[in-house]
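File shown: start35.cif. Contents: mmCIF, C-alpha atoms; chains and numbers go by the auth columns.
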data_input
loop_
_atom_site.group_PDB
_atom_site.id
_atom_site.type_symbol
_atom_site.label_atom_id
_atom_site.label_comp_id
_atom_site.label_asym_id
_atom_site.label_seq_id
_atom_site.Cartn_x
_atom_site.Cartn_y
_atom_site.Cartn_z
_atom_site.B_iso_or_equiv
_atom_site.auth_seq_id
_atom_site.auth_asym_id
ATOM 1 C CA MET A 1 -1.314 -81.128 50.374 0.00 1 E
ATOM 2 C CA ARG A 2 -2.063 -77.416 50.178 0.00 2 E
ATOM 3 C CA GLU A 3 0.057 -75.387 47.741 0.00 3 E
ATOM 4 C CA THR A 4 2.101 -72.573 49.208 0.00 4 E
ATOM 5 C CA VAL A 5 1.273 -69.106 47.919 0.00 5 E
ATOM 6 C CA ILE A 6 4.208 -66.688 47.955 0.00 6 E
ATOM 7 C CA VAL A 7 3.255 -63.112 48.832 0.00 7 E
ATOM 8 C CA ALA A 8 5.595 -60.121 48.333 0.00 8 E
ATOM 9 C CA LEU A 9 4.939 -57.342 50.843 0.00 9 E
ATOM 10 C CA SER A 10 6.282 -53.794 50.664 0.00 10 E
ATOM 11 C CA LYS A 11 8.633 -52.571 53.350 0.00 11 E
ATOM 12 C CA GLY A 12 7.777 -49.235 54.894 0.00 12 E
ATOM 13 C CA LYS A 13 4.468 -47.569 55.648 0.00 13 E
ATOM 14 C CA LEU A 14 2.333 -50.142 53.793 0.00 14 E
ATOM 15 C CA LEU A 15 3.678 -53.119 55.733 0.00 15 E
ATOM 16 C CA ASP A 16 1.763 -52.801 59.017 0.00 16 E
ATOM 17 C CA PRO A 17 -1.669 -52.011 57.490 0.00 17 E
ATOM 18 C CA THR A 18 -1.187 -54.856 54.988 0.00 18 E
ATOM 19 C CA ILE A 19 -0.371 -57.374 57.737 0.00 19 E
ATOM 20 C CA LYS A 20 -3.399 -56.108 59.672 0.00 20 E
ATOM 21 C CA LEU A 21 -5.622 -56.648 56.636 0.00 21 E
ATOM 22 C CA PHE A 22 -4.380 -60.219 56.163 0.00 22 E
ATOM 23 C CA LYS A 23 -5.066 -60.969 59.836 0.00 23 E
ATOM 24 C CA GLN A 24 -8.593 -59.568 59.517 0.00 24 E
ATOM 25 C CA ALA A 25 -9.071 -61.858 56.522 0.00 25 E
ATOM 26 C CA GLY A 26 -8.237 -64.852 58.721 0.00 26 E
ATOM 27 C CA TYR A 27 -4.649 -65.491 57.675 0.00 27 E
ATOM 28 C CA ALA A 28 -1.983 -66.210 60.277 0.00 28 E
ATOM 29 C CA CYS A 29 0.794 -63.696 59.679 0.00 29 E
ATOM 30 C CA PRO A 30 4.458 -63.406 60.632 0.00 30 E
ATOM 31 C CA ASP A 31 5.686 -61.699 63.771 0.00 31 E
ATOM 32 C CA LEU A 32 7.882 -59.165 62.008 0.00 32 E
ATOM 33 C CA SER A 33 9.225 -57.849 65.309 0.00 33 E
ATOM 34 C CA SER A 34 10.855 -61.215 66.098 0.00 34 E
ATOM 35 C CA ASP A 35 13.740 -60.528 63.701 0.00 35 E
ATOM 36 C CA PRO A 36 13.623 -57.317 61.641 0.00 36 E
ATOM 37 C CA ARG A 37 16.504 -58.586 59.457 0.00 37 E
ATOM 38 C CA ARG A 38 14.556 -61.582 58.151 0.00 38 E
ATOM 39 C CA LEU A 39 13.190 -61.245 54.642 0.00 39 E
ATOM 40 C CA VAL A 40 11.340 -64.568 54.298 0.00 40 E
ATOM 41 C CA PHE A 41 8.583 -65.755 56.642 0.00 41 E
ATOM 42 C CA GLU A 42 6.948 -69.151 56.128 0.00 42 E
ATOM 43 C CA VAL A 43 3.519 -69.387 57.762 0.00 43 E
ATOM 44 C CA THR A 44 2.380 -72.996 57.413 0.00 44 E
ATOM 45 C CA GLN A 45 -0.977 -72.355 59.144 0.00 45 E
ATOM 46 C CA SER A 46 -1.963 -70.041 56.302 0.00 46 E
ATOM 47 C CA GLY A 47 -0.223 -71.893 53.505 0.00 47 E
ATOM 48 C CA LEU A 48 1.645 -68.670 52.766 0.00 48 E
ATOM 49 C CA THR A 49 5.238 -67.547 52.489 0.00 49 E
ATOM 50 C CA PHE A 50 5.791 -63.813 52.902 0.00 50 E
ATOM 51 C CA LEU A 51 8.690 -61.967 51.256 0.00 51 E
ATOM 52 C CA ILE A 52 9.557 -58.536 52.660 0.00 52 E
ATOM 53 C CA VAL A 53 11.004 -56.444 49.822 0.00 53 E
ATOM 54 C CA ARG A 54 11.488 -52.858 48.721 0.00 54 E
ATOM 55 C CA PRO A 55 8.248 -51.326 47.391 0.00 55 E
ATOM 56 C CA THR A 56 9.781 -50.730 43.961 0.00 56 E
ATOM 57 C CA ASP A 57 10.738 -54.413 43.711 0.00 57 E
ATOM 58 C CA VAL A 58 7.295 -55.891 44.432 0.00 58 E
ATOM 59 C CA PRO A 59 5.944 -55.632 40.841 0.00 59 E
ATOM 60 C CA THR A 60 9.156 -57.216 39.511 0.00 60 E
ATOM 61 C CA TYR A 61 8.986 -60.165 41.926 0.00 61 E
ATOM 62 C CA VAL A 62 5.386 -60.783 40.864 0.00 62 E
ATOM 63 C CA GLU A 63 5.866 -60.258 37.129 0.00 63 E
ATOM 64 C CA TYR A 64 8.737 -62.762 36.963 0.00 64 E
ATOM 65 C CA GLY A 65 7.074 -65.341 39.214 0.00 65 E
ATOM 66 C CA ALA A 66 9.336 -65.128 42.266 0.00 66 E
ATOM 67 C CA ALA A 67 6.109 -64.254 44.102 0.00 67 E
ATOM 68 C CA ASP A 68 2.580 -65.306 43.223 0.00 68 E
ATOM 69 C CA ILE A 69 0.987 -62.235 44.757 0.00 69 E
ATOM 70 C CA GLY A 70 2.186 -58.800 45.798 0.00 70 E
ATOM 71 C CA ILE A 71 0.930 -55.663 47.485 0.00 71 E
ATOM 72 C CA ALA A 72 2.057 -52.495 45.710 0.00 72 E
ATOM 73 C CA GLY A 73 0.990 -48.871 45.459 0.00 73 E
ATOM 74 C CA LYS A 74 -0.836 -47.798 42.324 0.00 74 E
ATOM 75 C CA ASP A 75 1.840 -45.138 41.870 0.00 75 E
ATOM 76 C CA LEU A 76 4.476 -47.833 41.272 0.00 76 E
ATOM 77 C CA LEU A 77 2.213 -49.793 38.966 0.00 77 E
ATOM 78 C CA LEU A 78 1.580 -46.701 36.852 0.00 78 E
ATOM 79 C CA GLU A 79 5.282 -45.900 36.795 0.00 79 E
ATOM 80 C CA MET A 80 6.627 -49.388 36.064 0.00 80 E
ATOM 81 C CA GLN A 81 3.782 -50.727 33.899 0.00 81 E
ATOM 82 C CA SER A 82 4.659 -54.306 34.850 0.00 82 E
ATOM 83 C CA ASP A 83 2.833 -57.194 33.178 0.00 83 E
ATOM 84 C CA VAL A 84 0.765 -58.331 36.172 0.00 84 E
ATOM 85 C CA HIS A 85 -2.907 -58.929 36.912 0.00 85 E
ATOM 86 C CA GLU A 86 -4.427 -56.285 39.212 0.00 86 E
ATOM 87 C CA PRO A 87 -7.698 -57.680 40.621 0.00 87 E
ATOM 88 C CA LEU A 88 -8.197 -55.707 43.831 0.00 88 E
ATOM 89 C CA ASP A 89 -7.891 -52.224 45.277 0.00 89 E
ATOM 90 C CA LEU A 90 -7.177 -52.733 48.989 0.00 90 E
ATOM 91 C CA ARG A 91 -8.124 -49.113 49.759 0.00 91 E
ATOM 92 C CA ILE A 92 -5.226 -48.556 52.159 0.00 92 E
ATOM 93 C CA GLY A 93 -2.190 -46.291 51.898 0.00 93 E
ATOM 94 C CA GLY A 94 -4.126 -43.635 50.027 0.00 94 E
ATOM 95 C CA CYS A 95 -2.386 -40.582 48.570 0.00 95 E
ATOM 96 C CA ARG A 96 -2.236 -38.723 45.288 0.00 96 E
ATOM 97 C CA ILE A 97 0.431 -38.206 42.651 0.00 97 E
ATOM 98 C CA ALA A 98 0.596 -34.462 42.291 0.00 98 E
ATOM 99 C CA VAL A 99 2.424 -31.541 40.722 0.00 99 E
ATOM 100 C CA ALA A 100 3.678 -28.943 43.197 0.00 100 E
ATOM 101 C CA GLY A 101 5.676 -25.727 42.955 0.00 101 E
ATOM 102 C CA LEU A 102 6.736 -22.736 45.002 0.00 102 E
ATOM 103 C CA GLN A 103 3.947 -20.710 46.572 0.00 103 E
ATOM 104 C CA GLY A 104 3.357 -17.465 44.718 0.00 104 E
ATOM 105 C CA CYS A 105 5.333 -18.627 41.703 0.00 105 E
ATOM 106 C CA ASP A 106 3.596 -19.582 38.469 0.00 106 E
ATOM 107 C CA GLY A 107 5.356 -21.680 35.842 0.00 107 E
ATOM 108 C CA ARG A 108 9.049 -21.549 35.009 0.00 108 E
ATOM 109 C CA THR A 109 11.606 -19.768 37.139 0.00 109 E
ATOM 110 C CA ARG A 110 14.305 -19.998 34.442 0.00 110 E
ATOM 111 C CA LEU A 111 14.700 -18.818 30.870 0.00 111 E
ATOM 112 C CA SER A 112 14.124 -22.132 29.143 0.00 112 E
ATOM 113 C CA SER A 113 11.773 -23.601 26.581 0.00 113 E
ATOM 114 C CA LYS A 114 11.207 -26.618 28.842 0.00 114 E
ATOM 115 C CA LEU A 115 9.657 -26.957 32.257 0.00 115 E
ATOM 116 C CA ARG A 116 12.168 -28.603 34.571 0.00 116 E
ATOM 117 C CA VAL A 117 10.502 -31.201 36.798 0.00 117 E
ATOM 118 C CA ALA A 118 12.115 -33.147 39.650 0.00 118 E
ATOM 119 C CA THR A 119 10.550 -36.517 40.411 0.00 119 E
ATOM 120 C CA LYS A 120 11.071 -40.182 41.200 0.00 120 E
ATOM 121 C CA TYR A 121 8.303 -40.927 38.679 0.00 121 E
ATOM 122 C CA PRO A 122 9.856 -40.040 35.289 0.00 122 E
ATOM 123 C CA ASN A 123 7.442 -42.164 33.226 0.00 123 E
ATOM 124 C CA ILE A 124 4.284 -40.844 34.895 0.00 124 E
ATOM 125 C CA THR A 125 5.636 -37.304 34.648 0.00 125 E
ATOM 126 C CA GLU A 126 6.582 -37.531 30.987 0.00 126 E
ATOM 127 C CA ARG A 127 3.221 -39.064 30.014 0.00 127 E
ATOM 128 C CA TYR A 128 1.276 -36.458 31.958 0.00 128 E
ATOM 129 C CA PHE A 129 3.039 -33.386 30.558 0.00 129 E
ATOM 130 C CA ASN A 130 3.071 -34.840 27.032 0.00 130 E
ATOM 131 C CA GLN A 131 -0.702 -35.135 27.275 0.00 131 E
ATOM 132 C CA GLN A 132 -0.803 -31.477 28.304 0.00 132 E
ATOM 133 C CA GLY A 133 1.434 -30.512 25.381 0.00 133 E
ATOM 134 C CA ILE A 134 4.084 -29.112 27.717 0.00 134 E
ATOM 135 C CA PRO A 135 7.765 -29.862 26.945 0.00 135 E
ATOM 136 C CA VAL A 136 9.643 -30.950 30.064 0.00 136 E
ATOM 137 C CA GLU A 137 13.138 -31.724 31.240 0.00 137 E
ATOM 138 C CA ILE A 138 12.954 -34.417 33.906 0.00 138 E
ATOM 139 C CA ILE A 139 15.407 -34.632 36.775 0.00 139 E
ATOM 140 C CA LYS A 140 15.197 -37.931 38.645 0.00 140 E
ATOM 141 C CA LEU A 141 15.639 -37.689 42.395 0.00 141 E
ATOM 142 C CA TYR A 142 15.253 -40.339 45.083 0.00 142 E
ATOM 143 C CA GLY A 143 14.425 -38.192 48.081 0.00 143 E
ATOM 144 C CA SER A 144 14.038 -34.663 49.493 0.00 144 E
ATOM 145 C CA MET A 145 11.953 -33.802 46.449 0.00 145 E
ATOM 146 C CA GLU A 146 10.568 -30.634 48.046 0.00 146 E
ATOM 147 C CA LEU A 147 14.040 -29.089 48.117 0.00 147 E
ATOM 148 C CA ALA A 148 14.414 -28.984 44.331 0.00 148 E
ATOM 149 C CA PRO A 149 12.234 -25.910 43.629 0.00 149 E
ATOM 150 C CA VAL A 150 13.521 -24.132 46.751 0.00 150 E
ATOM 151 C CA VAL A 151 17.151 -24.189 45.552 0.00 151 E
ATOM 152 C CA GLY A 152 16.286 -23.652 41.879 0.00 152 E
ATOM 153 C CA LEU A 153 17.087 -27.182 40.710 0.00 153 E
ATOM 154 C CA ALA A 154 13.606 -27.535 39.236 0.00 154 E
ATOM 155 C CA ASP A 155 10.541 -25.440 38.446 0.00 155 E
ATOM 156 C CA CYS A 156 8.228 -27.961 40.089 0.00 156 E
ATOM 157 C CA ILE A 157 8.032 -31.514 41.378 0.00 157 E
ATOM 158 C CA VAL A 158 5.843 -34.559 40.831 0.00 158 E
ATOM 159 C CA ASP A 159 5.540 -36.585 44.003 0.00 159 E
ATOM 160 C CA LEU A 160 3.167 -38.391 46.350 0.00 160 E
ATOM 161 C CA VAL A 161 1.080 -36.087 48.513 0.00 161 E
ATOM 162 C CA SER A 162 -1.040 -37.142 51.464 0.00 162 E
ATOM 163 C CA SER A 163 -1.837 -34.397 53.970 0.00 163 E
ATOM 164 C CA GLY A 164 0.174 -31.704 52.168 0.00 164 E
ATOM 165 C CA LYS A 165 1.951 -30.700 55.396 0.00 165 E
ATOM 166 C CA THR A 166 5.426 -31.389 53.994 0.00 166 E
ATOM 167 C CA LEU A 167 4.700 -29.194 50.973 0.00 167 E
ATOM 168 C CA LYS A 168 3.448 -26.392 53.187 0.00 168 E
ATOM 169 C CA ALA A 169 6.462 -26.631 55.487 0.00 169 E
ATOM 170 C CA ASN A 170 8.713 -26.061 52.472 0.00 170 E
ATOM 171 C CA LYS A 171 6.572 -23.240 51.034 0.00 171 E
ATOM 172 C CA LEU A 172 5.280 -25.346 48.156 0.00 172 E
ATOM 173 C CA LYS A 173 1.724 -25.693 46.916 0.00 173 E
ATOM 174 C CA GLU A 174 -0.017 -28.470 45.043 0.00 174 E
ATOM 175 C CA THR A 175 -1.115 -27.246 41.629 0.00 175 E
ATOM 176 C CA GLU A 176 -2.516 -30.377 39.944 0.00 176 E
ATOM 177 C CA ALA A 177 -3.420 -33.931 40.934 0.00 177 E
ATOM 178 C CA ILE A 178 -2.313 -36.438 38.293 0.00 178 E
ATOM 179 C CA ALA A 179 -3.744 -39.625 39.796 0.00 179 E
ATOM 180 C CA TRP A 180 -4.939 -41.230 43.032 0.00 180 E
ATOM 181 C CA SER A 181 -2.899 -44.043 44.515 0.00 181 E
ATOM 182 C CA THR A 182 -3.863 -46.807 46.947 0.00 182 E
ATOM 183 C CA ALA A 183 -2.382 -50.230 47.671 0.00 183 E
ATOM 184 C CA ARG A 184 -3.331 -52.869 45.100 0.00 184 E
ATOM 185 C CA LEU A 185 -3.186 -56.641 45.176 0.00 185 E
ATOM 186 C CA ILE A 186 -1.340 -57.849 42.095 0.00 186 E
ATOM 187 C CA VAL A 187 -1.009 -61.424 40.808 0.00 187 E
ATOM 188 C CA ASN A 188 1.422 -63.243 38.546 0.00 188 E
ATOM 189 C CA ARG A 189 -0.509 -64.277 35.453 0.00 189 E
ATOM 190 C CA ALA A 190 0.747 -67.897 35.449 0.00 190 E
ATOM 191 C CA SER A 191 0.101 -68.264 39.185 0.00 191 E
ATOM 192 C CA LEU A 192 -3.486 -67.129 38.680 0.00 192 E
ATOM 193 C CA LYS A 193 -4.031 -70.240 36.580 0.00 193 E
ATOM 194 C CA MET A 194 -1.854 -72.714 38.485 0.00 194 E
ATOM 195 C CA LYS A 195 -2.965 -71.693 41.986 0.00 195 E
ATOM 196 C CA HIS A 196 -6.376 -70.394 41.037 0.00 196 E
ATOM 197 C CA GLN A 197 -8.339 -71.724 44.014 0.00 197 E
ATOM 198 C CA ALA A 198 -6.010 -70.394 46.719 0.00 198 E
ATOM 199 C CA ILE A 199 -5.561 -67.020 45.035 0.00 199 E
ATOM 200 C CA SER A 200 -9.263 -66.575 44.316 0.00 200 E
ATOM 201 C CA GLU A 201 -10.029 -67.361 47.954 0.00 201 E
ATOM 202 C CA MET A 202 -7.491 -64.781 49.099 0.00 202 E
ATOM 203 C CA ILE A 203 -8.970 -62.115 46.828 0.00 203 E
ATOM 204 C CA LYS A 204 -12.454 -62.903 48.134 0.00 204 E
ATOM 205 C CA ARG A 205 -11.409 -62.727 51.791 0.00 205 E
ATOM 206 C CA LEU A 206 -9.382 -59.535 51.444 0.00 206 E
ATOM 207 C CA LYS A 207 -12.184 -57.879 49.478 0.00 207 E
ATOM 208 C CA LYS A 208 -14.560 -58.635 52.333 0.00 208 E
ATOM 209 C CA VAL A 209 -12.407 -56.967 55.032 0.00 209 E
ATOM 210 C CA ARG A 210 -10.873 -54.033 53.143 0.00 210 E
ATOM 211 C CA PRO A 211 -12.092 -50.534 54.125 0.00 211 E
ATOM 212 C CA LYS A 212 -15.369 -49.510 52.536 0.00 212 E
ATOM 213 C CA THR A 213 -13.754 -46.398 51.134 0.00 213 E
ATOM 214 C CA ALA A 214 -10.148 -45.536 50.374 0.00 214 E
ATOM 215 C CA GLU A 215 -8.145 -44.369 53.380 0.00 215 E
ATOM 216 C CA LEU A 216 -6.651 -41.074 52.206 0.00 216 E
#
When written as structure tokens, how does the structure in this file appear?
Amino acid sequence: MRETVIVALSKGKLLDPTIKLFKQAGYACPDLSSDPRRLVFEVTQSGLTFLIVRPTDVPTYVEYGAADIGIAGKDLLLEMQSDVHEPLDLRIGGCRIAVAGLQGCDGRTRLSSKLRVATKYPNITERYFNQQGIPVEIIKLYGSMELAPVVGLADCIVDLVSSGKTLKANKLKETEAIAWSTARLIVNRASLKMKHQAISEMIKRLKKVRPKTAEL
């Protein structure tokens, strides 16, 4: 009897392209439109069970073995530094982690020895500015990041940037790119040993159908 592999998928913008990639790899996938409130989808044809969870929870589900495999953005993996195996860049959901500030404004807008930075990535932000030798005060926000410099809450932000249109609309400009982020396939370390054949086959099939270059 085939072992079931549990796969944690991220809600939001990564969900549809991830499901599409699994279908291209030959895996039967759930009809998510059948009941948008469902969080668990068993697909016996594929030998898979899909969990639909918040993006920030995917690395945790995989690290602690509630899921064998997960799909998570590199941004979250850099931020959370979870103890998981990361064998494959799926090359979807591309964007960059960047520093941005008000157009026409260089550096601090306040009299302070520290640069005040608003972000939902405090660990990435602190590591980056420490490497630059710049003291920072980090303000953690969960949304509307672009507003922080506009109202004087912060000197700059660290956030995901794709097209840059949202920054431009709020009169911000990208000043530095910290890292590139795409969706990654991550694996629980124990599952990699216990379900090695099924997981290795999945990695092989997804690698074959992923885009040739990162979709940014």
Protein, DNA and RNA residues within 8 Å of (7.5, -57.3, 32.5), only C-alpha atoms, as an MDAnalysis selection string: chainID E and resid 60 63:64 81:84
8 Å contact set for range 188-205 of chain E, all atoms listed in the file, chain neighbours under 4 positions out, as a PyMOL selection string: chain E and resi 3+5+25-26+62-65+67-69+84-85+87-88+209
10 Å contact set for Pro55 in chain E, all atoms listed in the file, chain neighbours under 3 positions out, as a PyMOL selection string: chain E and resi 8-15+52+58-60+70-73+76
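With CA of Gly104 in chain E on one side and CA of Leu172 in chain E on the other, the separation reads 8.8 Å.
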Selection: 8 Å around Ala177 in chain E, only C-alpha atoms, excl. self and same-chain fewer than 3 positions, as a PyMOL selection string: chain E and resi 96-99+174+180
